[in-house]
Amino acid sequence: MATLGIPSNTIAVLQKYGFNFQKKYGQNFLIDPHVLEKIIHASEIGEDDCVLEIGPGIGTMTQYLAENAKKVIAVEIDDHLIPILKDTLSAYDNITVIHDDILKVDVQKLCDTYNEGNPIKVVANLPYYITTPIIMGLFESHVPLSSITIMVQKEVADRMQVGPGTKDYGALSLAVQYYAKPEIVANVPPNCFIPRPNVGSAVIRLTRYEKPPVETEDEKRMFGIIRAAFNQRRKTLVNALSNAGIYNITKEKTVQALNEMGLSPAIRGEALTLEQFAELSDRLG
């Protein structure tokens, strides 16, 4: 079986099938064995693990995963890649390819069917335009996950691990840090992909917390408040929340809650820590 991490083998497969990259799916295939090995190493996949791979492409990383894991479930949206995957993965009996949109897949059902409901590990080289909805969907649905190891745009990886007061800090940073411990494990330049993206990428591992680092009475309300705060990040928190019109939050209520927390009514959302958002949410409840 030709290892697809080697560029010439990837090009041969693409030519054999006359494959055209779909801009709408943000396809960039990895062609660097060192990076593939780093991803496998970072995701700590062993022979007892069941792995969900999102967007296998032509099966480059899928081959590496199958060599290391007990079971690989690969979800691919692009019709044109399904026959290619059948070919490139034909040597493996521990891979199930599902032709679907990951945002519509019942991941809990996959865990139950293929891993007896036990936590799975997610590995993906994600298209940039859909990174946030995929990650948030996996976390918010509370499916059993032990970790998510993903290749994303460098800027998005940075955003996931920064703290308050930085320009990259936002709803995604807070959400990721509420559910998981983020750690960038590799930076990946554009020349490791075909076609070359215009930006650098990074591999980030999100290790799921057994229990979130902060407590809040209502997780949904806290994230509603966080989203409202960053939807108008140039505005004060008081104005951003009253403009959002959620949970009957008035300016007076927010000012009072901030005063009780010892914070200025002129503060912006980007200055609050995750703990402070949790406390604010409980006070506004």
# chains A, B, ... in the order shown; residues from 1 in each chain; ligands from 1

call {"tool": "residues_around", "arguments": {"residues": "region 95-98 of chain A", "least_positions_apart": "6", "cutoff": "6 Å", "atoms": "only C-alpha atoms", "output": "list in words"}}
result
Val72, Ile73, Ala74 and Val75 of chain A

call {"tool": "write_last_selection", "arguments": {"atoms": "N, CA and C atoms", "output": "short mmCIF file (atom, residue, chain, number, x, y, z; two decimals), in the first residue's frame"}}
result
data_model
loop_
_atom_site.label_atom_id
_atom_site.label_comp_id
_atom_site.auth_asym_id
_atom_site.auth_seq_id
_atom_site.Cartn_x
_atom_site.Cartn_y
_atom_site.Cartn_z
N VAL A 72 -10.97 3.07 13.35
CA VAL A 72 -11.03 4.44 12.82
C VAL A 72 -12.37 4.63 12.10
N ILE A 73 -13.08 5.68 12.49
CA ILE A 73 -14.30 6.06 11.78
C ILE A 73 -13.98 7.36 11.07
N ALA A 74 -14.05 7.35 9.73
CA ALA A 74 -13.69 8.55 8.96
C ALA A 74 -14.95 9.12 8.31
N VAL A 75 -15.23 10.39 8.60
CA VAL A 75 -16.43 11.03 8.05
C VAL A 75 -16.03 12.02 6.97
#

call {"tool": "residues_around", "arguments": {"residues": "region 44-53 of chain A", "least_positions_apart": "4", "cutoff": "10 Å", "atoms": "only C-alpha atoms", "output": "CSV table (one decimal) with C-alpha atoms, in the first residue's frame"}}
result
chain,number,residue,atom,x,y,z
A,38,LYS,CA,3.8,14.4,15.1
A,39,ILE,CA,0.0,14.3,14.9
A,40,ILE,CA,-0.2,10.6,15.8
A,59,GLY,CA,-6.9,8.9,3.3
A,61,MET,CA,-3.8,10.5,7.9
A,62,THR,CA,-6.3,7.7,8.0
A,65,LEU,CA,-4.4,6.2,12.3
A,66,ALA,CA,-5.4,2.7,11.2
A,67,GLU,CA,-1.8,1.5,11.9
A,68,ASN,CA,-2.0,2.7,15.5
A,69,ALA,CA,-5.6,2.5,16.6
A,70,LYS,CA,-8.1,-0.3,17.2
A,71,LYS,CA,-10.8,1.4,15.1
A,72,VAL,CA,-11.0,4.4,12.8
A,73,ILE,CA,-14.3,6.1,11.8
A,74,ALA,CA,-13.7,8.5,9.0
A,75,VAL,CA,-16.4,11.0,8.1
A,76,GLU,CA,-16.1,12.6,4.6
A,94,ASN,CA,-10.4,-1.5,11.0
A,95,ILE,CA,-11.7,1.6,9.1
A,96,THR,CA,-15.3,2.6,8.5
A,97,VAL,CA,-15.9,5.4,6.1
A,102,ILE,CA,-19.9,15.9,10.4
A,107,VAL,CA,-21.4,11.3,17.2
A,110,LEU,CA,-20.9,6.4,16.6
A,111,CYS,CA,-19.4,6.0,20.1
A,114,TYR,CA,-18.2,1.3,17.5
A,115,ASN,CA,-16.8,1.9,21.0
A,118,ASN,CA,-16.6,4.8,25.7
A,119,PRO,CA,-14.8,8.0,25.0
A,120,ILE,CA,-13.3,8.4,21.5
A,121,LYS,CA,-10.4,10.5,20.3
A,122,VAL,CA,-11.0,13.0,17.5
A,123,VAL,CA,-8.2,13.7,15.0
A,124,ALA,CA,-8.6,16.0,12.0
A,125,ASN,CA,-7.0,18.3,9.5
A,126,LEU,CA,-9.9,20.7,9.5
A,145,LEU,CA,-14.4,12.5,24.0
A,147,SER,CA,-9.1,14.5,23.3
A,148,ILE,CA,-9.3,16.4,20.0
A,149,THR,CA,-6.1,16.7,18.0
A,150,ILE,CA,-6.5,19.0,15.1

call {"tool": "closest_atom_pairs", "arguments": {"of": "region 59-136 of chain A", "to": "region 16-34 of chain A", "cutoff": "9 Å", "atoms": "only C-alpha atoms", "output": "JSON lines"}}
result
{"residue": "A:Thr60", "atom": "CA", "partner": "A:Leu30", "partner_atom": "CA", "distance": 7.2}
{"residue": "A:Met61", "atom": "CA", "partner": "A:Leu30", "partner_atom": "CA", "distance": 8.0}
{"residue": "A:Ile77", "atom": "CA", "partner": "A:Tyr25", "partner_atom": "CA", "distance": 8.4}
{"residue": "A:Asp78", "atom": "CA", "partner": "A:Tyr25", "partner_atom": "CA", "distance": 7.8}
{"residue": "A:His80", "atom": "CA", "partner": "A:Phe19", "partner_atom": "CA", "distance": 7.4}
{"residue": "A:Leu81", "atom": "CA", "partner": "A:Phe19", "partner_atom": "CA", "distance": 8.2}
{"residue": "A:Pro83", "atom": "CA", "partner": "A:Tyr17", "partner_atom": "CA", "distance": 8.9}
{"residue": "A:Ile84", "atom": "CA", "partner": "A:Tyr17", "partner_atom": "CA", "distance": 7.3}
{"residue": "A:Asn125", "atom": "CA", "partner": "A:Leu30", "partner_atom": "CA", "distance": 8.1}
{"residue": "A:Leu126", "atom": "CA", "partner": "A:Gly26", "partner_atom": "CA", "distance": 8.4}
{"residue": "A:Pro127", "atom": "CA", "partner": "A:Gly26", "partner_atom": "CA", "distance": 5.0}
{"residue": "A:Tyr128", "atom": "CA", "partner": "A:Gly26", "partner_atom": "CA", "distance": 6.8}
{"residue": "A:Tyr129", "atom": "CA", "partner": "A:Gly26", "partner_atom": "CA", "distance": 7.2}
{"residue": "A:Ile130", "atom": "CA", "partner": "A:Gly26", "partner_atom": "CA", "distance": 8.9}

call {"tool": "residues_around", "arguments": {"residues": "Glu140 (chain A)", "least_positions_apart": "2", "cutoff": "12 Å", "atoms": "only C-alpha atoms", "output": "list of chain:residue names"}}
result
A:Val107, A:Thr132, A:Pro133, A:Ile134, A:Ile135, A:Met136, A:Gly137, A:Leu138, A:His142, A:Val143, A:Pro144, A:Leu145, A:Ala175, A:Val176, A:Tyr178, A:Tyr179, A:Ala180, A:Glu219, A:Lys220, A:Phe223

call {"tool": "select_by_dssp", "arguments": {"residues": "region 166-285 of chain A", "states": "strand (DSSP E or B)", "output": "ChimeraX atom specification"}}
result
/A:180-188,193-194,201-208

call {"tool": "write_last_selection", "arguments": {"atoms": "N, CA and C atoms", "output": "short mmCIF file (atom, residue, chain, number, x, y, z; two decimals), in the first residue's frame"}}
result
data_model
loop_
_atom_site.label_atom_id
_atom_site.label_comp_id
_atom_site.auth_asym_id
_atom_site.auth_seq_id
_atom_site.Cartn_x
_atom_site.Cartn_y
_atom_site.Cartn_z
N ALA A 180 -11.63 22.09 27.79
CA ALA A 180 -10.40 21.32 27.55
C ALA A 180 -9.14 22.13 27.82
N LYS A 181 -8.03 21.39 27.96
CA LYS A 181 -6.74 22.05 28.12
C LYS A 181 -6.09 22.10 26.74
N PRO A 182 -5.90 23.33 26.19
CA PRO A 182 -5.33 23.44 24.84
C PRO A 182 -3.80 23.50 24.86
N GLU A 183 -3.20 22.83 23.89
CA GLU A 183 -1.73 22.86 23.81
C GLU A 183 -1.31 22.74 22.34
N ILE A 184 -0.61 23.76 21.85
CA ILE A 184 -0.11 23.70 20.47
C ILE A 184 1.10 22.76 20.44
N VAL A 185 1.01 21.74 19.58
CA VAL A 185 2.09 20.74 19.57
C VAL A 185 3.01 20.85 18.35
N ALA A 186 2.58 21.58 17.32
CA ALA A 186 3.46 21.75 16.15
C ALA A 186 2.96 22.91 15.30
N ASN A 187 3.91 23.65 14.74
CA ASN A 187 3.57 24.65 13.73
C ASN A 187 3.89 24.06 12.37
N VAL A 188 2.99 24.29 11.42
CA VAL A 188 3.13 23.62 10.12
C VAL A 188 3.08 24.66 9.00
N PHE A 193 1.48 21.18 2.47
CA PHE A 193 0.15 20.82 1.95
C PHE A 193 0.12 20.92 0.43
N ILE A 194 -0.85 20.21 -0.13
CA ILE A 194 -1.17 20.39 -1.55
C ILE A 194 -2.69 20.58 -1.63
N SER A 201 -0.24 26.89 9.48
CA SER A 201 -1.17 26.07 10.27
C SER A 201 -0.49 25.64 11.56
N ALA A 202 -1.28 25.07 12.45
CA ALA A 202 -0.72 24.52 13.69
C ALA A 202 -1.54 23.31 14.10
N VAL A 203 -0.86 22.38 14.75
CA VAL A 203 -1.57 21.23 15.33
C VAL A 203 -1.78 21.57 16.80
N ILE A 204 -3.03 21.48 17.24
CA ILE A 204 -3.34 21.77 18.64
C ILE A 204 -4.06 20.58 19.24
N ARG A 205 -3.67 20.21 20.45
CA ARG A 205 -4.37 19.12 21.14
C ARG A 205 -5.22 19.71 22.26
N LEU A 206 -6.49 19.33 22.27
CA LEU A 206 -7.41 19.77 23.30
C LEU A 206 -7.75 18.55 24.16
N THR A 207 -7.21 18.53 25.38
CA THR A 207 -7.45 17.39 26.26
C THR A 207 -8.66 17.70 27.13
N ARG A 208 -9.68 16.89 26.98
CA ARG A 208 -10.97 17.15 27.63
C ARG A 208 -10.86 17.08 29.15
#

call {"tool": "select_by_dssp", "arguments": {"residues": "region 69-176 of chain A", "states": "helix (DSSP H, G or I)", "output": "PyMOL selection string"}}
result
chain A and resi 81-88+102-104+107-115+128-140+154-161+171-176

call {"tool": "write_last_selection", "arguments": {"atoms": "N, CA and C atoms", "output": "compact mmCIF listing (two decimals), in the first residue's frame"}}
result
# COMPACT_ATOMS: atom_id res chain seq x y z
N LEU A 81 -14.53 11.92 -3.15
CA LEU A 81 -13.45 11.26 -2.40
C LEU A 81 -13.81 9.85 -1.94
N ILE A 82 -15.09 9.51 -1.96
CA ILE A 82 -15.51 8.20 -1.44
C ILE A 82 -14.88 7.04 -2.23
N PRO A 83 -14.93 7.03 -3.58
CA PRO A 83 -14.27 5.93 -4.31
C PRO A 83 -12.75 5.92 -4.11
N ILE A 84 -12.16 7.10 -3.96
CA ILE A 84 -10.70 7.17 -3.73
C ILE A 84 -10.36 6.52 -2.38
N LEU A 85 -11.14 6.82 -1.35
CA LEU A 85 -10.90 6.24 -0.03
C LEU A 85 -11.04 4.72 -0.05
N LYS A 86 -12.00 4.25 -0.82
CA LYS A 86 -12.22 2.80 -0.93
C LYS A 86 -10.93 2.14 -1.45
N ASP A 87 -10.28 2.82 -2.37
CA ASP A 87 -9.05 2.33 -2.99
C ASP A 87 -7.86 2.47 -2.02
N THR A 88 -7.63 3.68 -1.51
CA THR A 88 -6.41 3.92 -0.71
C THR A 88 -6.45 3.22 0.65
N ILE A 102 -20.16 16.13 8.93
CA ILE A 102 -19.91 15.90 10.36
C ILE A 102 -20.87 16.70 11.24
N LEU A 103 -21.32 17.86 10.75
CA LEU A 103 -22.23 18.67 11.57
C LEU A 103 -23.62 18.03 11.67
N LYS A 104 -23.88 17.03 10.84
CA LYS A 104 -25.19 16.36 10.88
C LYS A 104 -25.10 14.95 11.44
N VAL A 107 -22.71 11.81 16.70
CA VAL A 107 -21.42 11.28 17.17
C VAL A 107 -21.63 10.34 18.36
N GLN A 108 -22.63 10.64 19.18
CA GLN A 108 -22.93 9.75 20.32
C GLN A 108 -23.24 8.33 19.83
N LYS A 109 -24.00 8.28 18.72
CA LYS A 109 -24.38 6.97 18.16
C LYS A 109 -23.13 6.23 17.66
N LEU A 110 -22.18 6.99 17.08
CA LEU A 110 -20.93 6.37 16.62
C LEU A 110 -20.17 5.77 17.81
N CYS A 111 -20.13 6.54 18.92
CA CYS A 111 -19.45 6.04 20.14
C CYS A 111 -20.10 4.75 20.62
N ASP A 112 -21.45 4.75 20.61
CA ASP A 112 -22.18 3.57 21.09
C ASP A 112 -21.95 2.37 20.16
N THR A 113 -22.02 2.62 18.85
CA THR A 113 -21.92 1.54 17.87
C THR A 113 -20.52 0.95 17.81
N TYR A 114 -19.51 1.83 17.78
CA TYR A 114 -18.15 1.34 17.51
C TYR A 114 -17.25 1.27 18.74
N ASN A 115 -17.67 1.86 19.85
CA ASN A 115 -16.77 1.88 21.02
C ASN A 115 -17.50 1.65 22.34
N TYR A 128 -10.57 25.43 7.31
CA TYR A 128 -10.57 26.59 8.19
C TYR A 128 -11.95 27.19 8.42
N TYR A 129 -12.79 27.17 7.38
CA TYR A 129 -14.06 27.87 7.50
C TYR A 129 -15.02 27.20 8.48
N ILE A 130 -14.74 25.97 8.84
CA ILE A 130 -15.71 25.23 9.64
C ILE A 130 -15.15 24.77 10.98
N THR A 131 -13.93 25.21 11.30
CA THR A 131 -13.26 24.78 12.53
C THR A 131 -14.11 25.01 13.76
N THR A 132 -14.57 26.26 13.94
CA THR A 132 -15.28 26.60 15.17
C THR A 132 -16.59 25.82 15.34
N PRO A 133 -17.48 25.77 14.32
CA PRO A 133 -18.70 25.00 14.53
C PRO A 133 -18.46 23.52 14.83
N ILE A 134 -17.41 22.94 14.24
CA ILE A 134 -17.14 21.52 14.51
C ILE A 134 -16.70 21.33 15.95
N ILE A 135 -15.74 22.13 16.39
CA ILE A 135 -15.22 21.98 17.75
C ILE A 135 -16.32 22.26 18.78
N MET A 136 -17.06 23.35 18.55
CA MET A 136 -18.11 23.70 19.51
C MET A 136 -19.21 22.63 19.52
N GLY A 137 -19.52 22.11 18.34
CA GLY A 137 -20.55 21.05 18.25
C GLY A 137 -20.14 19.82 19.05
N LEU A 138 -18.87 19.45 18.95
CA LEU A 138 -18.38 18.27 19.69
C LEU A 138 -18.43 18.51 21.20
N PHE A 139 -18.00 19.68 21.62
CA PHE A 139 -17.98 19.96 23.06
C PHE A 139 -19.39 20.14 23.64
N GLU A 140 -20.19 20.96 22.97
CA GLU A 140 -21.50 21.31 23.53
C GLU A 140 -22.46 20.13 23.56
N LYS A 154 -3.09 28.66 11.98
CA LYS A 154 -2.24 29.06 13.13
C LYS A 154 -2.95 30.08 14.01
N GLU A 155 -3.58 31.03 13.37
CA GLU A 155 -4.26 32.11 14.09
C GLU A 155 -5.40 31.56 14.97
N VAL A 156 -6.08 30.53 14.48
CA VAL A 156 -7.17 29.92 15.25
C VAL A 156 -6.60 29.15 16.44
N ALA A 157 -5.49 28.45 16.22
CA ALA A 157 -4.84 27.71 17.31
C ALA A 157 -4.41 28.69 18.41
N ASP A 158 -3.85 29.83 17.99
CA ASP A 158 -3.44 30.85 18.98
C ASP A 158 -4.65 31.34 19.78
N ARG A 159 -5.75 31.54 19.06
CA ARG A 159 -6.96 32.06 19.68
C ARG A 159 -7.49 31.11 20.76
N MET A 160 -7.28 29.82 20.53
CA MET A 160 -7.81 28.83 21.48
C MET A 160 -7.08 28.85 22.81
N GLN A 161 -5.84 29.34 22.81
CA GLN A 161 -5.11 29.22 24.08
C GLN A 161 -4.74 30.55 24.74
N ALA A 171 -14.80 34.39 22.21
CA ALA A 171 -15.72 33.33 22.63
C ALA A 171 -15.10 31.94 22.44
N LEU A 172 -14.33 31.77 21.34
CA LEU A 172 -13.72 30.47 21.09
C LEU A 172 -12.68 30.13 22.17
N SER A 173 -11.88 31.12 22.55
CA SER A 173 -10.86 30.90 23.60
C SER A 173 -11.53 30.40 24.88
N LEU A 174 -12.61 31.09 25.27
CA LEU A 174 -13.30 30.76 26.51
C LEU A 174 -13.97 29.40 26.44
N ALA A 175 -14.58 29.10 25.31
CA ALA A 175 -15.28 27.82 25.17
C ALA A 175 -14.28 26.67 25.23
N VAL A 176 -13.20 26.80 24.46
CA VAL A 176 -12.20 25.73 24.45
C VAL A 176 -11.62 25.54 25.86
